[in-house]
Amino acid sequence: MDDKIIAVINQKGGTGKTTLALNLAAGLAQRASTHLVDADPQRSISQWVEMAPSGASLPPVASLGSDPFATIVQLARTHRYVVVDCPPAVQGEVVAAVMRSVHVVLIPVLPSPVDLWASVAMAAAVGGARQLNPGLRACLVLNQMESRNALSHDLRDAVAEFDVPVLQACMQRRAAYRSAAVEGTSVYGLGKRAQTAVADIEAIIEEVLCL
Ligand SMILES: Nc1ncnc2c1ncn2[C@@H]1O[C@H](COP(=O)(O)OP(=O)(O)OP(=O)(O)O)[C@@H](O)[C@H]1O
Ligand SMILES: [Mg+2]
């Protein structure tokens, strides 16, 4: 499989960026050398990794230096996979530099048309970033899906109108994601009780590695 630098971005807060970034990196780390990058001044993902008990074996996390582009490109020289957790922002130098340096942008969205439309600026930002990074791939990742219902008609229509495609794989709403954060580990570190969450993340990884 090719090297991949992946950024998890959405200007809307609380859509699951840090949850996806951490668990994605944990799954990728089981395949090959993986490094996290914390591009968010809230430092959520750094704190998650710092508070991990020894043995949780989460991937290492770097903060962005004064030159975000150089930081990411440098890490990608020594690691097969780099995953960047971004702040809830779409504008600004940091997010622009991240979008210039990555292969793939994943945009976690909550499964409602309202939340989807709140992310519409992301599609425009990806379009803008492609002027400097023409190979940039971008996908929406539905998060907090309820297992009972498939996509509602409204949501299906909203997704179809979006310029950015949606991954087939998604994250269901599961207690395991919250437990992993509370316990300072990934869903992989929770063992059997997080099997279904691990299956979500594995399906996302398999799809992303084929992009
Ligand atoms: N699939 C899920 N199932 C259950 N809880 C989830 C799921 N995804 C995220 N959460 C919870 O939702 C909350 C917000 O998630 P998270 O912090 O990952 O969002 P974020 O987009 O990084 O937020 P911010 O914009 O503040 O950086 C957290 O408490 C997280 O544990
Ligand atoms: Mg976050």
# chains A, B, ... in the order shown; residues from 1 in each chain; ligands from 1
$ select_by_dssp --residues "chain A" --states "helix (DSSP H, G or I)" --output "PyMOL selection string"
chain A and resi 17-29+44-50+68-78+93-101+113-118+120-129+153-161+175-183+187-209
$ residues_near_ligand --ligand "ligand 2" --cutoff "6 Å" --atoms "only C-alpha atoms and all ligand atoms" --output "PyMOL selection string"
chain A and resi 17-18+44
$ closest_residue --among "A:Leu140, A:Leu209, A:Val105, A:Met145" --to "Val126 of chain A" --atoms "only C-alpha atoms"
A:Val105
$ residues_near_ligand --ligand "ligand 1" --cutoff "6 Å" --atoms "only C-alpha atoms and all ligand atoms" --output "list in words"
Gly13, Gly14, Thr15, Gly16, Lys17, Thr18, Thr19, Pro87, Pro88, Asn143, Gln144, Met171, Gln172, Arg173, Arg174, Ala175, Tyr177 and Arg178 of chain A
$ write_last_selection --atoms "N, CA and C atoms" --output "PDB file, in the first residue's frame"
ATOM      1  N   GLY A  13     -17.529  22.202  14.982  1.00  0.00           N
ATOM      2  CA  GLY A  13     -16.982  21.559  16.180  1.00  0.00           C
ATOM      3  C   GLY A  13     -17.734  20.275  16.537  1.00  0.00           C
ATOM      4  N   GLY A  14     -17.066  19.382  17.198  1.00  0.00           N
ATOM      5  CA  GLY A  14     -17.699  18.206  17.792  1.00  0.00           C
ATOM      6  C   GLY A  14     -18.228  17.166  16.828  1.00  0.00           C
ATOM      7  N   THR A  15     -17.694  17.107  15.619  1.00  0.00           N
ATOM      8  CA  THR A  15     -18.217  16.126  14.654  1.00  0.00           C
ATOM      9  C   THR A  15     -17.472  14.789  14.721  1.00  0.00           C
ATOM     10  N   GLY A  16     -16.422  14.735  15.550  1.00  0.00           N
ATOM     11  CA  GLY A  16     -15.694  13.472  15.706  1.00  0.00           C
ATOM     12  C   GLY A  16     -14.313  13.460  15.066  1.00  0.00           C
ATOM     13  N   LYS A  17     -13.754  14.641  14.818  1.00  0.00           N
ATOM     14  CA  LYS A  17     -12.427  14.715  14.182  1.00  0.00           C
ATOM     15  C   LYS A  17     -11.370  13.997  15.019  1.00  0.00           C
ATOM     16  N   THR A  18     -11.302  14.361  16.306  1.00  0.00           N
ATOM     17  CA  THR A  18     -10.251  13.786  17.149  1.00  0.00           C
ATOM     18  C   THR A  18     -10.492  12.296  17.355  1.00  0.00           C
ATOM     19  N   THR A  19     -11.740  11.906  17.520  1.00  0.00           N
ATOM     20  CA  THR A  19     -12.085  10.485  17.691  1.00  0.00           C
ATOM     21  C   THR A  19     -11.656   9.683  16.468  1.00  0.00           C
ATOM     22  N   PRO A  87      -8.085  21.673  13.962  1.00  0.00           N
ATOM     23  CA  PRO A  87      -9.031  22.432  14.790  1.00  0.00           C
ATOM     24  C   PRO A  87     -10.360  22.589  14.055  1.00  0.00           C
ATOM     25  N   PRO A  88     -11.423  22.961  14.771  1.00  0.00           N
ATOM     26  CA  PRO A  88     -12.698  23.223  14.079  1.00  0.00           C
ATOM     27  C   PRO A  88     -12.625  24.557  13.334  1.00  0.00           C
ATOM     28  N   ASN A 143     -20.516  10.059  10.850  1.00  0.00           N
ATOM     29  CA  ASN A 143     -20.206   9.663  12.221  1.00  0.00           C
ATOM     30  C   ASN A 143     -21.480   9.665  13.056  1.00  0.00           C
ATOM     31  N   GLN A 144     -21.430   8.876  14.136  1.00  0.00           N
ATOM     32  CA  GLN A 144     -22.566   8.768  15.057  1.00  0.00           C
ATOM     33  C   GLN A 144     -23.817   8.269  14.325  1.00  0.00           C
ATOM     34  N   MET A 171     -18.761   5.561  10.978  1.00  0.00           N
ATOM     35  CA  MET A 171     -18.660   5.264  12.416  1.00  0.00           C
ATOM     36  C   MET A 171     -20.062   5.281  12.999  1.00  0.00           C
ATOM     37  N   GLN A 172     -20.435   4.178  13.607  1.00  0.00           N
ATOM     38  CA  GLN A 172     -21.721   4.137  14.307  1.00  0.00           C
ATOM     39  C   GLN A 172     -21.594   4.885  15.626  1.00  0.00           C
ATOM     40  N   ARG A 173     -22.724   5.279  16.190  1.00  0.00           N
ATOM     41  CA  ARG A 173     -22.694   5.831  17.547  1.00  0.00           C
ATOM     42  C   ARG A 173     -22.485   4.661  18.519  1.00  0.00           C
ATOM     43  N   ARG A 174     -21.378   4.665  19.205  1.00  0.00           N
ATOM     44  CA  ARG A 174     -21.046   3.537  20.090  1.00  0.00           C
ATOM     45  C   ARG A 174     -20.378   4.058  21.356  1.00  0.00           C
ATOM     46  N   ALA A 175     -20.746   3.457  22.478  1.00  0.00           N
ATOM     47  CA  ALA A 175     -20.141   3.835  23.764  1.00  0.00           C
ATOM     48  C   ALA A 175     -18.634   3.593  23.751  1.00  0.00           C
ATOM     49  N   TYR A 177     -16.375   4.376  21.693  1.00  0.00           N
ATOM     50  CA  TYR A 177     -15.553   5.529  21.307  1.00  0.00           C
ATOM     51  C   TYR A 177     -15.323   6.445  22.507  1.00  0.00           C
ATOM     52  N   ARG A 178     -16.380   6.634  23.297  1.00  0.00           N
ATOM     53  CA  ARG A 178     -16.237   7.477  24.493  1.00  0.00           C
ATOM     54  C   ARG A 178     -15.371   6.773  25.538  1.00  0.00           C
TER      55      ARG A 178
END
$ residues_around --residues "Met51 of chain A" --least-positions-apart "5" --cutoff "9 Å" --atoms "only C-alpha atoms" --output "NGL selection string"
:A and (46 or 183-185)
$ write_last_selection --atoms "N, CA, C and O atoms" --output "PDB file, in the first residue's frame"
ATOM      1  N   SER A  46      -3.262  15.463  21.718  1.00  0.00           N
ATOM      2  CA  SER A  46      -2.014  15.372  22.489  1.00  0.00           C
ATOM      3  C   SER A  46      -2.327  14.928  23.906  1.00  0.00           C
ATOM      4  O   SER A  46      -1.647  14.059  24.472  1.00  0.00           O
ATOM      5  N   GLU A 183     -10.516   6.185  28.884  1.00  0.00           N
ATOM      6  CA  GLU A 183      -9.479   5.280  29.397  1.00  0.00           C
ATOM      7  C   GLU A 183      -8.103   5.554  28.800  1.00  0.00           C
ATOM      8  O   GLU A 183      -7.133   4.860  29.105  1.00  0.00           O
ATOM      9  N   GLY A 184      -8.018   6.561  27.932  1.00  0.00           N
ATOM     10  CA  GLY A 184      -6.727   6.911  27.350  1.00  0.00           C
ATOM     11  C   GLY A 184      -6.191   5.838  26.429  1.00  0.00           C
ATOM     12  O   GLY A 184      -5.005   5.506  26.447  1.00  0.00           O
ATOM     13  N   THR A 185      -7.068   5.300  25.618  1.00  0.00           N
ATOM     14  CA  THR A 185      -6.622   4.297  24.654  1.00  0.00           C
ATOM     15  C   THR A 185      -7.447   4.450  23.376  1.00  0.00           C
ATOM     16  O   THR A 185      -8.236   5.392  23.258  1.00  0.00           O
TER      17      THR A 185
END
$ residues_around --residues "Val114 of chain A" --least-positions-apart "5" --cutoff "10 Å" --atoms "only C-alpha atoms" --output "list in words"
Ser119, Asp154, Leu155 and Ala158 of chain A
$ write_last_selection --atoms "C-alpha atoms" --output "PDB file, in the first residue's frame"
ATOM      1  CA  SER A 119     -19.897  21.570   6.401  1.00  0.00           C
ATOM      2  CA  ASP A 154     -33.167  13.779   3.143  1.00  0.00           C
ATOM      3  CA  LEU A 155     -29.622  12.908   4.052  1.00  0.00           C
ATOM      4  CA  ALA A 158     -28.047  16.194   0.711  1.00  0.00           C
TER       5      ALA A 158
END
$ closest_residue --among "A:Glu206, A:Val84, A:Val120, A:Gln195" --to "Leu64 of chain A" --atoms "only C-alpha atoms"
A:Val84
$ select_by_dssp --residues "segment 52-177 of chain A" --states "strand (DSSP E)" --output "number ranges by chain"
A: 61-63, 81-85, 104-109, 137-142
$ write_last_selection --atoms "all heavy atoms" --output "CSV table (one decimal), in the first residue's frame"
chain,number,residue,atom,x,y,z
A,61,VAL,N,2.6,11.5,19.0
A,61,VAL,CA,2.0,12.7,18.4
A,61,VAL,C,3.0,13.9,18.4
A,61,VAL,O,3.7,14.0,19.4
A,61,VAL,CB,0.7,13.0,19.2
A,61,VAL,CG1,0.9,13.2,20.7
A,61,VAL,CG2,-0.1,14.2,18.6
A,62,ALA,N,3.0,14.6,17.3
A,62,ALA,CA,3.8,15.8,17.2
A,62,ALA,C,3.0,17.0,17.2
A,62,ALA,O,1.9,17.0,16.6
A,62,ALA,CB,4.7,15.7,16.0
A,63,SER,N,3.4,18.1,17.7
A,63,SER,CA,2.7,19.4,17.5
A,63,SER,C,3.3,20.0,16.3
A,63,SER,O,4.4,19.7,15.8
A,63,SER,CB,2.8,20.3,18.7
A,63,SER,OG,4.1,20.3,19.2
A,81,TYR,N,2.5,6.2,7.5
A,81,TYR,CA,1.2,7.0,7.6
A,81,TYR,C,1.4,8.1,8.6
A,81,TYR,O,2.0,8.0,9.7
A,81,TYR,CB,0.1,6.0,8.1
A,81,TYR,CG,0.0,4.8,7.3
A,81,TYR,CD1,0.1,3.5,7.8
A,81,TYR,CD2,-0.4,4.9,5.9
A,81,TYR,CE1,-0.1,2.4,7.0
A,81,TYR,CE2,-0.5,3.8,5.1
A,81,TYR,CZ,-0.4,2.5,5.7
A,81,TYR,OH,-0.5,1.4,4.9
A,82,VAL,N,0.8,9.3,8.2
A,82,VAL,CA,0.7,10.4,9.1
A,82,VAL,C,-0.7,10.9,9.2
A,82,VAL,O,-1.4,11.0,8.1
A,82,VAL,CB,1.6,11.6,8.6
A,82,VAL,CG1,1.5,12.8,9.5
A,82,VAL,CG2,3.1,11.1,8.5
A,83,VAL,N,-1.2,11.1,10.4
A,83,VAL,CA,-2.6,11.5,10.5
A,83,VAL,C,-2.7,12.8,11.3
A,83,VAL,O,-2.1,12.9,12.4
A,83,VAL,CB,-3.4,10.4,11.3
A,83,VAL,CG1,-4.9,10.9,11.5
A,83,VAL,CG2,-3.4,9.1,10.6
A,84,VAL,N,-3.3,13.8,10.7
A,84,VAL,CA,-3.3,15.2,11.3
A,84,VAL,C,-4.7,15.5,11.8
A,84,VAL,O,-5.7,15.4,11.1
A,84,VAL,CB,-2.9,16.2,10.2
A,84,VAL,CG1,-2.8,17.6,10.9
A,84,VAL,CG2,-1.7,15.8,9.4
A,85,ASP,N,-4.8,15.8,13.1
A,85,ASP,CA,-6.1,16.2,13.7
A,85,ASP,C,-6.1,17.7,13.7
A,85,ASP,O,-5.2,18.4,14.2
A,85,ASP,CB,-6.1,15.7,15.2
A,85,ASP,CG,-7.4,16.1,15.8
A,85,ASP,OD1,-8.5,16.0,15.2
A,85,ASP,OD2,-7.4,16.4,17.0
A,104,VAL,N,-4.9,13.0,1.6
A,104,VAL,CA,-6.4,12.8,1.8
A,104,VAL,C,-6.9,13.7,2.9
A,104,VAL,O,-6.3,13.8,4.0
A,104,VAL,CB,-6.6,11.3,2.2
A,104,VAL,CG1,-8.1,11.0,2.5
A,104,VAL,CG2,-6.1,10.3,1.2
A,105,VAL,N,-8.1,14.2,2.7
A,105,VAL,CA,-8.8,15.0,3.7
A,105,VAL,C,-10.1,14.1,4.0
A,105,VAL,O,-10.9,13.8,3.1
A,105,VAL,CB,-9.2,16.4,3.2
A,105,VAL,CG1,-10.3,17.0,4.1
A,105,VAL,CG2,-8.0,17.3,3.2
A,106,LEU,N,-10.2,13.8,5.3
A,106,LEU,CA,-11.5,13.1,5.7
A,106,LEU,C,-12.3,14.2,6.5
A,106,LEU,O,-11.7,14.8,7.4
A,106,LEU,CB,-11.1,11.9,6.6
A,106,LEU,CG,-10.4,10.8,5.9
A,106,LEU,CD1,-10.2,9.6,6.9
A,106,LEU,CD2,-11.2,10.3,4.7
A,107,ILE,N,-13.5,14.3,6.2
A,107,ILE,CA,-14.4,15.3,6.8
A,107,ILE,C,-15.5,14.5,7.6
A,107,ILE,O,-16.5,14.1,7.0
A,107,ILE,CB,-15.0,16.2,5.8
A,107,ILE,CG1,-13.9,16.8,4.9
A,107,ILE,CG2,-15.9,17.3,6.4
A,107,ILE,CD1,-14.5,17.4,3.6
A,108,PRO,N,-15.3,14.3,8.9
A,108,PRO,CA,-16.4,13.6,9.6
A,108,PRO,C,-17.6,14.6,9.8
A,108,PRO,O,-17.5,15.7,10.1
A,108,PRO,CB,-15.8,13.3,11.0
A,108,PRO,CG,-14.6,14.2,11.1
A,108,PRO,CD,-14.2,14.6,9.8
A,109,VAL,N,-18.8,14.0,9.5
A,109,VAL,CA,-20.0,14.8,9.6
A,109,VAL,C,-21.1,14.0,10.4
A,109,VAL,O,-21.1,12.8,10.3
A,109,VAL,CB,-20.6,15.2,8.2
A,109,VAL,CG1,-19.8,16.2,7.5
A,109,VAL,CG2,-20.8,14.0,7.3
A,137,ARG,N,-7.3,14.2,-2.3
A,137,ARG,CA,-8.6,13.5,-2.3
A,137,ARG,C,-9.3,13.9,-1.0
A,137,ARG,O,-8.7,14.2,0.0
A,137,ARG,CB,-8.3,12.0,-2.2
A,137,ARG,CG,-7.4,11.4,-3.2
A,137,ARG,CD,-7.9,11.6,-4.7
A,137,ARG,NE,-9.2,11.0,-4.8
A,137,ARG,CZ,-9.4,9.8,-5.3
A,137,ARG,NH1,-8.4,9.0,-5.6
A,137,ARG,NH2,-10.7,9.3,-5.4
A,138,ALA,N,-10.6,13.9,-1.1
A,138,ALA,CA,-11.4,14.3,0.0
A,138,ALA,C,-12.7,13.4,0.1
A,138,ALA,O,-13.3,13.1,-0.9
A,138,ALA,CB,-11.8,15.8,-0.1
A,139,CYS,N,-13.1,13.1,1.3
A,139,CYS,CA,-14.3,12.3,1.5
A,139,CYS,C,-15.0,12.7,2.8
A,139,CYS,O,-14.3,13.0,3.8
A,139,CYS,CB,-14.0,10.8,1.7
A,139,CYS,SG,-13.5,10.0,0.1
A,140,LEU,N,-16.3,12.7,2.8
A,140,LEU,CA,-17.0,12.8,4.0
A,140,LEU,C,-17.1,11.4,4.7
A,140,LEU,O,-17.1,10.4,4.0
A,140,LEU,CB,-18.5,13.2,3.7
A,140,LEU,CG,-18.7,14.5,2.9
A,140,LEU,CD1,-20.2,14.6,2.5
A,140,LEU,CD2,-18.3,15.7,3.8
A,141,VAL,N,-17.0,11.4,6.0
A,141,VAL,CA,-17.2,10.2,6.8
A,141,VAL,C,-18.4,10.4,7.8
A,141,VAL,O,-18.3,11.3,8.6
A,141,VAL,CB,-15.9,9.9,7.6
A,141,VAL,CG1,-16.1,8.6,8.4
A,141,VAL,CG2,-14.7,9.9,6.7
A,142,LEU,N,-19.4,9.7,7.6
A,142,LEU,CA,-20.6,9.8,8.5
A,142,LEU,C,-20.2,9.3,9.8
A,142,LEU,O,-19.7,8.2,10.0
A,142,LEU,CB,-21.8,9.1,7.9
A,142,LEU,CG,-22.3,9.7,6.6
A,142,LEU,CD1,-23.3,8.8,5.9
A,142,LEU,CD2,-22.9,11.1,6.8
$ closest_residue --among "A:Glu146, A:Ala7, A:His79, A:Ala197" --to "Ser101 of chain A" --atoms "only C-alpha atoms"
A:Ala7
$ atom_distance --atom1 "atom CA of Ser33 of chain A" --atom2 "atom CA of Arg80 of chain A"
5.4 Å
$ atom_distance --atom1 "atom CA of Pro111 of chain A" --atom2 "atom CA of Ala25 of chain A"
23.0 Å
